file entry.txt (compact mmCIF, C-alpha atoms)
# COMPACT_ATOMS: atom_id res chain seq x y z
CA MET A 1 10.37 -30.49 -7.83
CA ASP A 2 7.24 -31.85 -9.52
CA ASP A 3 6.17 -33.51 -6.23
CA ARG A 4 5.70 -30.00 -4.78
CA ILE A 5 5.03 -27.69 -7.74
CA GLN A 6 3.86 -28.29 -11.30
CA VAL A 7 4.14 -25.73 -14.09
CA THR A 8 2.57 -25.63 -17.52
CA LEU A 9 3.18 -22.86 -20.05
CA GLU A 10 0.58 -22.14 -22.71
CA ASN A 11 0.12 -19.01 -24.85
CA GLY A 12 2.38 -16.97 -22.59
CA VAL A 13 0.67 -17.97 -19.32
CA ALA A 14 2.65 -19.99 -16.77
CA ASP A 15 0.18 -21.99 -14.67
CA VAL A 16 2.02 -22.69 -11.39
CA ARG A 17 0.33 -25.14 -9.03
CA LEU A 18 1.34 -26.23 -5.54
CA VAL A 19 0.63 -29.97 -5.53
CA ARG A 20 1.39 -31.20 -2.02
CA THR A 21 -2.29 -31.93 -1.72
CA ASP A 22 -2.10 -34.45 1.13
CA LYS A 23 -0.75 -31.67 3.38
CA MET A 24 -2.90 -28.81 2.00
CA ASN A 25 0.24 -27.52 0.27
CA ALA A 26 1.94 -26.78 3.59
CA LEU A 27 5.42 -25.30 3.55
CA ASP A 28 8.17 -27.78 4.34
CA ASP A 29 11.81 -27.33 3.35
CA ARG A 30 11.21 -28.95 -0.03
CA MET A 31 8.26 -26.64 -0.75
CA PHE A 32 10.35 -23.60 0.15
CA GLN A 33 13.05 -24.79 -2.23
CA ALA A 34 10.53 -25.58 -4.97
CA LEU A 35 9.02 -22.09 -4.74
CA VAL A 36 12.43 -20.46 -4.99
CA ASP A 37 13.65 -22.71 -7.81
CA THR A 38 10.43 -22.35 -9.81
CA GLY A 39 10.31 -18.59 -9.37
CA GLU A 40 13.95 -18.15 -10.36
CA ARG A 41 13.47 -20.31 -13.45
CA LEU A 42 10.40 -18.38 -14.58
CA LYS A 43 12.30 -15.10 -14.32
CA THR A 44 14.37 -16.12 -17.33
CA GLU A 45 12.08 -18.56 -19.18
CA LYS A 46 11.36 -17.33 -22.67
CA GLY A 47 7.73 -16.78 -23.57
CA VAL A 48 6.36 -16.13 -20.08
CA ARG A 49 4.06 -13.09 -20.14
CA ALA A 50 1.89 -13.71 -17.05
CA ILE A 51 1.85 -16.17 -14.14
CA VAL A 52 -1.02 -17.76 -12.21
CA LEU A 53 -0.11 -19.15 -8.77
CA SER A 54 -2.59 -21.55 -7.15
CA GLY A 55 -2.87 -24.58 -4.90
CA ASP A 56 -4.22 -27.97 -5.92
CA GLY A 57 -6.68 -29.84 -3.74
CA ARG A 58 -8.45 -28.36 -0.73
CA ALA A 59 -6.32 -25.28 -0.13
CA PHE A 60 -4.03 -22.64 -1.54
CA CYS A 61 -1.48 -23.12 1.24
CA ALA A 62 -2.01 -24.02 4.90
CA GLY A 63 1.23 -22.35 6.02
CA LEU A 64 4.24 -23.87 7.72
CA ASP A 65 4.23 -27.66 7.97
CA MET A 66 3.06 -28.86 11.37
CA GLY A 67 6.19 -30.96 11.73
CA ASN A 68 8.22 -27.78 11.97
CA PHE A 69 6.13 -26.55 14.92
CA ALA A 70 6.66 -29.86 16.69
CA LYS A 71 10.41 -29.41 16.28
CA MET A 72 10.15 -25.87 17.65
CA ALA A 73 8.22 -27.11 20.71
CA SER A 74 10.93 -29.67 21.43
CA GLY A 75 13.67 -27.08 21.02
CA GLU A 76 15.08 -29.05 18.09
CA ARG A 77 14.34 -26.51 15.39
CA ARG A 78 15.76 -23.02 15.82
CA GLY A 79 15.67 -20.56 12.96
CA GLY A 80 14.64 -23.25 10.49
CA ALA A 81 14.44 -22.86 6.72
CA GLY A 82 17.47 -20.56 6.88
CA LEU A 83 15.66 -17.83 8.83
CA LEU A 84 18.69 -16.84 10.88
CA THR A 85 21.41 -17.54 8.35
CA PRO A 86 23.40 -14.57 7.02
CA GLU A 87 22.82 -15.39 3.34
CA ARG A 88 20.56 -12.81 1.72
CA THR A 89 19.44 -12.10 -1.83
CA ALA A 90 20.24 -8.82 -3.52
CA GLY A 91 16.80 -7.65 -2.41
CA GLY A 92 17.52 -8.50 1.24
CA SER A 93 15.54 -11.75 1.58
CA ASN A 94 16.62 -14.86 3.41
CA HIS A 95 15.65 -18.23 1.93
CA ALA A 96 12.12 -18.37 3.39
CA GLN A 97 11.40 -14.74 2.51
CA HIS A 98 12.66 -15.31 -1.01
CA ALA A 99 10.04 -18.04 -1.48
CA VAL A 100 7.55 -15.14 -1.38
CA MET A 101 9.57 -12.25 -2.82
CA VAL A 102 10.66 -14.25 -5.87
CA TRP A 103 7.07 -13.84 -7.12
CA ARG A 104 7.04 -10.10 -6.54
CA GLU A 105 10.38 -9.95 -8.39
CA GLN A 106 8.95 -11.51 -11.56
CA ALA A 107 9.18 -9.21 -14.59
CA VAL A 108 5.58 -10.11 -15.49
CA PRO A 109 2.32 -9.92 -13.51
CA VAL A 110 1.59 -12.71 -11.04
CA ILE A 111 -2.03 -13.53 -10.12
CA ALA A 112 -2.71 -15.68 -7.06
CA ALA A 113 -5.90 -17.78 -7.07
CA ILE A 114 -6.74 -18.52 -3.45
CA HIS A 115 -9.25 -21.01 -2.02
CA GLY A 116 -9.64 -23.14 1.07
CA VAL A 117 -7.10 -21.65 3.45
CA ALA A 118 -4.14 -19.30 3.27
CA PHE A 119 -2.67 -19.21 6.76
CA GLY A 120 0.59 -17.74 7.99
CA GLY A 121 3.26 -18.41 5.40
CA GLY A 122 0.54 -19.33 2.90
CA PHE A 123 -1.08 -15.94 3.40
CA GLN A 124 2.28 -14.23 2.93
CA LEU A 125 2.87 -16.26 -0.23
CA ALA A 126 -0.40 -14.88 -1.61
CA LEU A 127 0.79 -11.36 -0.82
CA GLY A 128 3.78 -11.91 -3.10
CA ALA A 129 1.48 -11.83 -6.13
CA ASP A 130 0.52 -8.62 -7.93
CA ILE A 131 -3.16 -9.54 -7.83
CA ARG A 132 -5.19 -11.86 -5.56
CA PHE A 133 -8.47 -13.55 -6.50
CA VAL A 134 -10.23 -15.31 -3.61
CA THR A 135 -13.36 -17.34 -2.96
CA PRO A 136 -15.94 -15.77 -0.64
CA ASP A 137 -15.42 -18.51 1.97
CA VAL A 138 -11.63 -18.71 1.88
CA ARG A 139 -10.08 -18.60 5.36
CA MET A 140 -7.04 -16.35 5.72
CA ALA A 141 -4.94 -15.23 8.67
CA VAL A 142 -1.65 -13.73 9.76
CA LEU A 143 -1.50 -16.79 11.99
CA GLU A 144 2.05 -16.65 13.35
CA ILE A 145 1.02 -15.28 16.77
CA LYS A 146 -0.82 -18.56 17.44
CA TRP A 147 2.60 -20.23 17.52
CA GLY A 148 4.29 -17.43 19.44
CA LEU A 149 5.87 -15.98 16.32
CA VAL A 150 5.75 -12.94 14.03
CA PRO A 151 5.16 -12.88 10.25
CA ASP A 152 8.63 -13.33 8.79
CA MET A 153 8.15 -14.19 5.11
CA ALA A 154 8.00 -10.59 3.81
CA GLY A 155 4.45 -10.17 5.11
CA LEU A 156 5.11 -6.78 6.67
CA VAL A 157 6.89 -5.47 3.58
CA LEU A 158 3.90 -6.43 1.45
CA MET A 159 1.01 -5.72 3.85
CA LYS A 160 2.10 -2.12 4.39
CA ARG A 161 1.35 -1.43 0.72
CA LEU A 162 -2.16 -2.88 0.92
CA VAL A 163 -3.77 -1.99 4.26
CA ARG A 164 -3.71 0.73 6.90
CA ASP A 165 -1.11 0.42 9.61
CA ASP A 166 -3.70 -0.25 12.32
CA VAL A 167 -5.27 -3.05 10.26
CA ALA A 168 -1.91 -4.76 9.77
CA ARG A 169 -1.26 -4.44 13.50
CA GLU A 170 -4.65 -5.90 14.49
CA LEU A 171 -4.19 -8.90 12.19
CA THR A 172 -0.62 -9.47 13.38
CA TYR A 173 -1.44 -9.14 17.10
CA THR A 174 -4.53 -11.37 17.03
CA GLY A 175 -4.00 -13.95 14.28
CA ARG A 176 -7.74 -13.91 13.71
CA ILE A 177 -9.20 -15.69 10.70
CA PHE A 178 -11.09 -13.68 8.07
CA ASN A 179 -12.89 -14.67 4.88
CA GLY A 180 -12.62 -13.53 1.28
CA GLU A 181 -15.26 -10.84 1.55
CA GLU A 182 -13.47 -9.19 4.47
CA ALA A 183 -10.10 -9.59 2.75
CA HIS A 184 -11.53 -7.66 -0.20
CA ARG A 185 -12.89 -4.91 2.04
CA MET A 186 -9.53 -4.54 3.78
CA GLY A 187 -7.63 -4.38 0.50
CA LEU A 188 -5.92 -7.76 0.81
CA ALA A 189 -7.89 -9.33 -2.06
CA THR A 190 -8.39 -7.85 -5.52
CA ARG A 191 -11.56 -9.70 -6.43
CA VAL A 192 -13.95 -12.22 -4.86
CA CYS A 193 -14.75 -15.03 -7.32
CA ALA A 194 -16.69 -18.26 -7.44
CA ASP A 195 -13.75 -19.82 -9.29
CA PRO A 196 -10.56 -17.82 -8.63
CA ARG A 197 -8.30 -20.03 -10.73
CA ALA A 198 -10.52 -19.83 -13.82
CA ASP A 199 -10.80 -16.07 -13.47
CA ALA A 200 -7.06 -15.75 -12.84
CA LEU A 201 -6.23 -17.77 -15.95
CA ALA A 202 -8.63 -15.64 -18.01
CA LEU A 203 -7.03 -12.43 -16.75
CA ALA A 204 -3.54 -13.83 -17.34
CA ALA A 205 -4.49 -14.72 -20.91
CA ASP A 206 -5.75 -11.18 -21.46
CA ILE A 207 -2.51 -9.72 -20.08
CA ALA A 208 -0.47 -12.12 -22.22
CA SER A 209 -2.24 -10.81 -25.33
CA LYS A 210 -0.92 -7.26 -24.75
CA ASN A 211 2.44 -5.73 -25.70
CA PRO A 212 4.79 -7.60 -23.33
CA ASP A 213 7.26 -4.71 -23.30
CA ALA A 214 4.56 -2.35 -22.03
CA ILE A 215 3.36 -4.85 -19.41
CA ARG A 216 6.89 -5.25 -18.05
CA ALA A 217 7.41 -1.48 -18.08
CA GLY A 218 4.13 -0.97 -16.24
CA LYS A 219 5.17 -3.46 -13.58
CA ARG A 220 8.52 -1.73 -13.11
CA LEU A 221 6.75 1.60 -12.61
CA LEU A 222 4.20 0.14 -10.19
CA ASP A 223 6.98 -1.53 -8.19
CA LEU A 224 8.86 1.76 -7.98
CA ALA A 225 5.93 4.03 -7.15
CA PRO A 226 5.20 3.22 -3.46
CA ASP A 227 8.69 4.02 -2.18
CA ALA A 228 10.03 6.60 -4.66
CA ASP A 229 9.60 10.35 -4.59
CA GLN A 230 7.64 12.31 -7.19
CA HIS A 231 10.74 13.31 -9.16
CA ALA A 232 11.94 9.72 -9.50
CA ILE A 233 8.51 8.45 -10.56
CA LEU A 234 8.02 11.16 -13.19
CA LEU A 235 11.50 10.54 -14.59
CA ALA A 236 10.89 6.78 -14.68
CA GLU A 237 7.58 7.29 -16.52
CA SER A 238 9.34 9.34 -19.18
CA ARG A 239 12.16 6.85 -19.60
CA GLU A 240 9.83 3.87 -19.90
CA GLN A 241 7.57 5.65 -22.37
CA GLY A 242 10.53 6.88 -24.41
CA ALA A 243 11.80 3.33 -24.75
CA LEU A 244 8.37 2.04 -25.81
CA ILE A 245 7.36 4.63 -28.40
CA GLY A 246 8.31 3.46 -31.88
CA SER A 247 9.57 0.07 -30.72
CA PRO A 248 8.46 -2.92 -32.85
CA ASN A 249 5.95 -4.24 -30.32
CA GLN A 250 4.48 -0.77 -29.72
CA VAL A 251 4.10 -0.23 -33.47
CA GLU A 252 2.38 -3.61 -33.68
CA ALA A 253 0.02 -2.60 -30.86
CA VAL A 254 -1.02 0.50 -32.79
CA LYS A 255 -1.52 -1.45 -36.01
CA ALA A 256 -3.53 -4.12 -34.22
CA ALA A 257 -5.78 -1.52 -32.60
CA ILE A 258 -6.37 0.30 -35.90
CA GLU A 259 -7.05 -2.95 -37.74
CA ASN A 260 -9.20 -4.33 -34.88
CA ARG A 261 -7.25 -7.57 -34.58
CA PRO A 262 -5.13 -9.31 -31.92
CA GLY A 263 -1.54 -8.14 -31.72
CA VAL A 264 1.31 -10.48 -32.65
CA TYR A 265 4.22 -9.64 -30.39
CA ALA A 266 7.81 -10.76 -30.09
CA ASP A 267 9.09 -11.80 -26.65

call {"tool": "encode", "arguments": {"input": "entry.txt", "output": "structure tokens"}}
result
Amino acid sequence: MDDRIQVTLENGVADVRLVRTDKMNALDDRMFQALVDTGERLKTEKGVRAIVLSGDGRAFCAGLDMGNFAKMASGERRGGAGLLTPERTAGGSNHAQHAVMVWREQAVPVIAAIHGVAFGGGFQLALGADIRFVTPDVRMAVLEIKWGLVPDMAGLVLMKRLVRDDVARELTYTGRIFNGEEAHRMGLATRVCADPRADALALAADIASKNPDAIRAGKRLLDLAPDADQHAILLAESREQGALIGSPNQVEAVKAAIENRPGVYAD
């Protein structure tokens, strides 16, 4: 799907770029499929320790392709992109939702670098990342209400972990556009940057230089924590730590720290 997404892998960092630049990386059926296929492939690709997700050209992702809205207006398109089909992933996603959730399901951290616009489905795609770097002037919105719709690409699952309930409701009911500075204040952006992609790649390289077993364990714990009870979290901490202590990569991390050198880790 190199007409929709391009991927390069270097030193443990998978650089994933949406490249439908003539349409501001809008989501058509082929882009949905490319996101799912790319995400599923990266789950099992050897050597991936961190992922950067960004959009080429003028925007991160402008949301659903305008052609789909025209089909909706004519009554031609009902439940497109598999929205109403019964097929679901093990995590409960339909095809369009999985285009977002496949990034949250990665075993390694995913950093979204967001510029230009991230509207509707593009905004929800950004939420699928662990971390979001944005430009100050990026334009973002839960834009579905403009088209008489609700956010349906896992946006509510992901927003509820980031913002207060009333904030999520206001954004969903109004569809208003906000910039990177406000996104950061609300908790929807991790960092405001002049060059989000450069900063995201630098962070990904730093993550990729750490013990990959510990990074994966940390992500599993962080994914568990919001919905689990105290007992389950404490038990999971102990199990993850017990598996790490004395393992080859953990021993290498200790040696590298003592010797003040970069660690050399096995995948």

call {"tool": "atom_distance", "arguments": {"input": "entry.txt", "atom1": "CA of Gly246 (chain A)", "atom2": "CA of Ala214 (chain A)"}}
result
12.0 Å

call {"tool": "closest_residue", "arguments": {"input": "entry.txt", "among": "A:Ala59, A:Ile215, A:Val100, A:Ala228", "to": "Gln250 (chain A)", "atoms": "only C-alpha atoms"}}
result
A:Ile215

call {"tool": "residues_near_point", "arguments": {"input": "entry.txt", "point": "(-0.8, -20.3, -23.6)", "cutoff": "10 Å", "atoms": "all atoms listed in the file", "output": "mmCIF file with C-alpha atoms, in the coordinates of the input"}}
result
data_model
loop_
_atom_site.group_PDB
_atom_site.id
_atom_site.type_symbol
_atom_site.label_atom_id
_atom_site.label_comp_id
_atom_site.auth_asym_id
_atom_site.auth_seq_id
_atom_site.Cartn_x
_atom_site.Cartn_y
_atom_site.Cartn_z
ATOM 1 C CA THR A 8 2.570 -25.630 -17.520
ATOM 2 C CA LEU A 9 3.180 -22.860 -20.050
ATOM 3 C CA GLU A 10 0.580 -22.140 -22.710
ATOM 4 C CA ASN A 11 0.120 -19.010 -24.850
ATOM 5 C CA GLY A 12 2.380 -16.970 -22.590
ATOM 6 C CA VAL A 13 0.670 -17.970 -19.320
ATOM 7 C CA ALA A 14 2.650 -19.990 -16.770
ATOM 8 C CA ASP A 15 0.180 -21.990 -14.670
ATOM 9 C CA GLY A 47 7.730 -16.780 -23.570
ATOM 10 C CA VAL A 48 6.360 -16.130 -20.080
ATOM 11 C CA ARG A 49 4.060 -13.090 -20.140
ATOM 12 C CA ALA A 50 1.890 -13.710 -17.050
ATOM 13 C CA LEU A 201 -6.230 -17.770 -15.950
ATOM 14 C CA ALA A 204 -3.540 -13.830 -17.340
ATOM 15 C CA ALA A 205 -4.490 -14.720 -20.910
ATOM 16 C CA ALA A 208 -0.470 -12.120 -22.220
ATOM 17 C CA SER A 209 -2.240 -10.810 -25.330
#

call {"tool": "atom_distance", "arguments": {"input": "entry.txt", "atom1": "CA of Leu35 (chain A)", "atom2": "CA of Ala189 (chain A)"}}
result
21.4 Å

call {"tool": "residues_around", "arguments": {"input": "entry.txt", "residues": "region 116-133 of chain A", "least_positions_apart": "2", "cutoff": "8 Å", "atoms": "all atoms listed in the file", "output": "JSON, numbers by chain"}}
result
{"A": [26, 27, 53, 58, 59, 60, 61, 62, 63, 64, 99, 100, 101, 102, 103, 104, 109, 110, 111, 112, 113, 114, 135, 137, 138, 139, 140, 141, 142, 143, 144, 151, 153, 154, 155, 158, 159, 188, 189, 190, 191, 192, 193, 196, 197, 199, 200]}

call {"tool": "residues_near_point", "arguments": {"input": "entry.txt", "point": "(4.5, -2.9, -33.7)", "cutoff": "9 Å", "atoms": "only C-alpha atoms", "output": "list in words"}}
result
Asn211, Gly246, Ser247, Pro248, Asn249, Gln250, Val251, Glu252, Ala253, Val254, Lys255, Ala256, Gly263, Val264 and Tyr265 of chain A

call {"tool": "write_last_selection", "arguments": {"input": "entry.txt", "atoms": "C-alpha atoms", "output": "PDB file, keeping the file's coordinate frame"}}
result
ATOM      1  CA  ASN A 211       2.440  -5.730 -25.700  1.00  0.00           C
ATOM      2  CA  GLY A 246       8.310   3.460 -31.880  1.00  0.00           C
ATOM      3  CA  SER A 247       9.570   0.070 -30.720  1.00  0.00           C
ATOM      4  CA  PRO A 248       8.460  -2.920 -32.850  1.00  0.00           C
ATOM      5  CA  ASN A 249       5.950  -4.240 -30.320  1.00  0.00           C
ATOM      6  CA  GLN A 250       4.480  -0.770 -29.720  1.00  0.00           C
ATOM      7  CA  VAL A 251       4.100  -0.230 -33.470  1.00  0.00           C
ATOM      8  CA  GLU A 252       2.380  -3.610 -33.680  1.00  0.00           C
ATOM      9  CA  ALA A 253       0.020  -2.600 -30.860  1.00  0.00           C
ATOM     10  CA  VAL A 254      -1.020   0.500 -32.790  1.00  0.00           C
ATOM     11  CA  LYS A 255      -1.520  -1.450 -36.010  1.00  0.00           C
ATOM     12  CA  ALA A 256      -3.530  -4.120 -34.220  1.00  0.00           C
ATOM     13  CA  GLY A 263      -1.540  -8.140 -31.720  1.00  0.00           C
ATOM     14  CA  VAL A 264       1.310 -10.480 -32.650  1.00  0.00           C
ATOM     15  CA  TYR A 265       4.220  -9.640 -30.390  1.00  0.00           C
TER      16      TYR A 265
END

call {"tool": "build_atoms", "arguments": {"input": "entry.txt", "residues": "region 186-197 of chain A", "atoms": "all heavy atoms", "output": "JSON list (two decimals), keeping the file's coordinate frame"}}
result
[["chain", "number", "residue", "atom", "x", "y", "z"],
["A", 186, "MET", "N", -10.75, -5.08, 3.18],
["A", 186, "MET", "CA", -9.53, -4.54, 3.78],
["A", 186, "MET", "C", -8.49, -4.15, 2.74],
["A", 186, "MET", "O", -7.56, -3.40, 3.04],
["A", 186, "MET", "CB", -8.92, -5.57, 4.74],
["A", 186, "MET", "CG", -9.68, -5.73, 6.03],
["A", 186, "MET", "SD", -8.79, -6.76, 7.24],
["A", 186, "MET", "CE", -8.91, -8.38, 6.49],
["A", 187, "GLY", "N", -8.62, -4.66, 1.53],
["A", 187, "GLY", "CA", -7.63, -4.38, 0.50],
["A", 187, "GLY", "C", -6.63, -5.50, 0.29],
["A", 187, "GLY", "O", -5.68, -5.34, -0.48],
["A", 188, "LEU", "N", -6.84, -6.63, 0.93],
["A", 188, "LEU", "CA", -5.92, -7.76, 0.81],
["A", 188, "LEU", "C", -6.28, -8.68, -0.35],
["A", 188, "LEU", "O", -5.46, -9.52, -0.74],
["A", 188, "LEU", "CB", -5.90, -8.56, 2.11],
["A", 188, "LEU", "CG", -5.27, -7.82, 3.30],
["A", 188, "LEU", "CD1", -5.59, -8.53, 4.60],
["A", 188, "LEU", "CD2", -3.76, -7.68, 3.11],
["A", 189, "ALA", "N", -7.47, -8.55, -0.89],
["A", 189, "ALA", "CA", -7.89, -9.33, -2.06],
["A", 189, "ALA", "C", -8.34, -8.36, -3.15],
["A", 189, "ALA", "O", -8.96, -7.33, -2.86],
["A", 189, "ALA", "CB", -9.02, -10.29, -1.71],
["A", 190, "THR", "N", -8.03, -8.69, -4.38],
["A", 190, "THR", "CA", -8.39, -7.85, -5.52],
["A", 190, "THR", "C", -9.83, -8.08, -5.94],
["A", 190, "THR", "O", -10.56, -7.13, -6.27],
["A", 190, "THR", "CB", -7.46, -8.17, -6.71],
["A", 190, "THR", "OG1", -6.11, -8.16, -6.27],
["A", 190, "THR", "CG2", -7.65, -7.16, -7.83],
["A", 191, "ARG", "N", -10.24, -9.35, -5.94],
["A", 191, "ARG", "CA", -11.56, -9.70, -6.43],
["A", 191, "ARG", "C", -12.04, -10.97, -5.72],
["A", 191, "ARG", "O", -11.24, -11.86, -5.45],
["A", 191, "ARG", "CB", -11.51, -9.95, -7.94],
["A", 191, "ARG", "CG", -12.86, -10.18, -8.61],
["A", 191, "ARG", "CD", -12.71, -10.57, -10.06],
["A", 191, "ARG", "NE", -11.97, -9.60, -10.86],
["A", 191, "ARG", "CZ", -11.63, -9.79, -12.13],
["A", 191, "ARG", "NH1", -11.95, -10.94, -12.74],
["A", 191, "ARG", "NH2", -10.95, -8.87, -12.80],
["A", 192, "VAL", "N", -13.33, -11.02, -5.42],
["A", 192, "VAL", "CA", -13.95, -12.22, -4.86],
["A", 192, "VAL", "C", -14.62, -12.97, -6.00],
["A", 192, "VAL", "O", -15.42, -12.39, -6.75],
["A", 192, "VAL", "CB", -14.98, -11.86, -3.76],
["A", 192, "VAL", "CG1", -15.62, -13.12, -3.20],
["A", 192, "VAL", "CG2", -14.31, -11.05, -2.65],
["A", 193, "CYS", "N", -14.31, -14.26, -6.15],
["A", 193, "CYS", "CA", -14.75, -15.03, -7.32],
["A", 193, "CYS", "C", -15.29, -16.39, -6.89],
["A", 193, "CYS", "O", -14.82, -16.98, -5.91],
["A", 193, "CYS", "CB", -13.59, -15.30, -8.27],
["A", 193, "CYS", "SG", -12.47, -13.93, -8.58],
["A", 194, "ALA", "N", -16.23, -16.89, -7.66],
["A", 194, "ALA", "CA", -16.69, -18.26, -7.44],
["A", 194, "ALA", "C", -15.60, -19.26, -7.79],
["A", 194, "ALA", "O", -15.44, -20.29, -7.14],
["A", 194, "ALA", "CB", -17.95, -18.53, -8.25],
["A", 195, "ASP", "N", -14.83, -18.94, -8.84],
["A", 195, "ASP", "CA", -13.75, -19.82, -9.29],
["A", 195, "ASP", "C", -12.50, -18.97, -9.53],
["A", 195, "ASP", "O", -12.24, -18.53, -10.66],
["A", 195, "ASP", "CB", -14.17, -20.55, -10.57],
["A", 195, "ASP", "CG", -13.18, -21.63, -10.99],
["A", 195, "ASP", "OD1", -12.02, -21.59, -10.54],
["A", 195, "ASP", "OD2", -13.56, -22.52, -11.78],
["A", 196, "PRO", "N", -11.71, -18.72, -8.48],
["A", 196, "PRO", "CA", -10.56, -17.82, -8.63],
["A", 196, "PRO", "C", -9.56, -18.26, -9.69],
["A", 196, "PRO", "O", -9.01, -17.43, -10.42],
["A", 196, "PRO", "CB", -9.93, -17.83, -7.23],
["A", 196, "PRO", "CG", -11.02, -18.19, -6.32],
["A", 196, "PRO", "CD", -11.89, -19.15, -7.08],
["A", 197, "ARG", "N", -9.31, -19.57, -9.78],
["A", 197, "ARG", "CA", -8.30, -20.03, -10.73],
["A", 197, "ARG", "C", -8.77, -19.79, -12.17],
["A", 197, "ARG", "O", -7.98, -19.32, -13.01],
["A", 197, "ARG", "CB", -7.99, -21.50, -10.53],
["A", 197, "ARG", "CG", -6.89, -22.02, -11.45],
["A", 197, "ARG", "CD", -6.35, -23.37, -11.01],
["A", 197, "ARG", "NE", -5.37, -23.86, -11.95],
["A", 197, "ARG", "CZ", -5.64, -24.68, -12.96],
["A", 197, "ARG", "NH1", -6.88, -25.14, -13.13],
["A", 197, "ARG", "NH2", -4.68, -25.08, -13.77]]
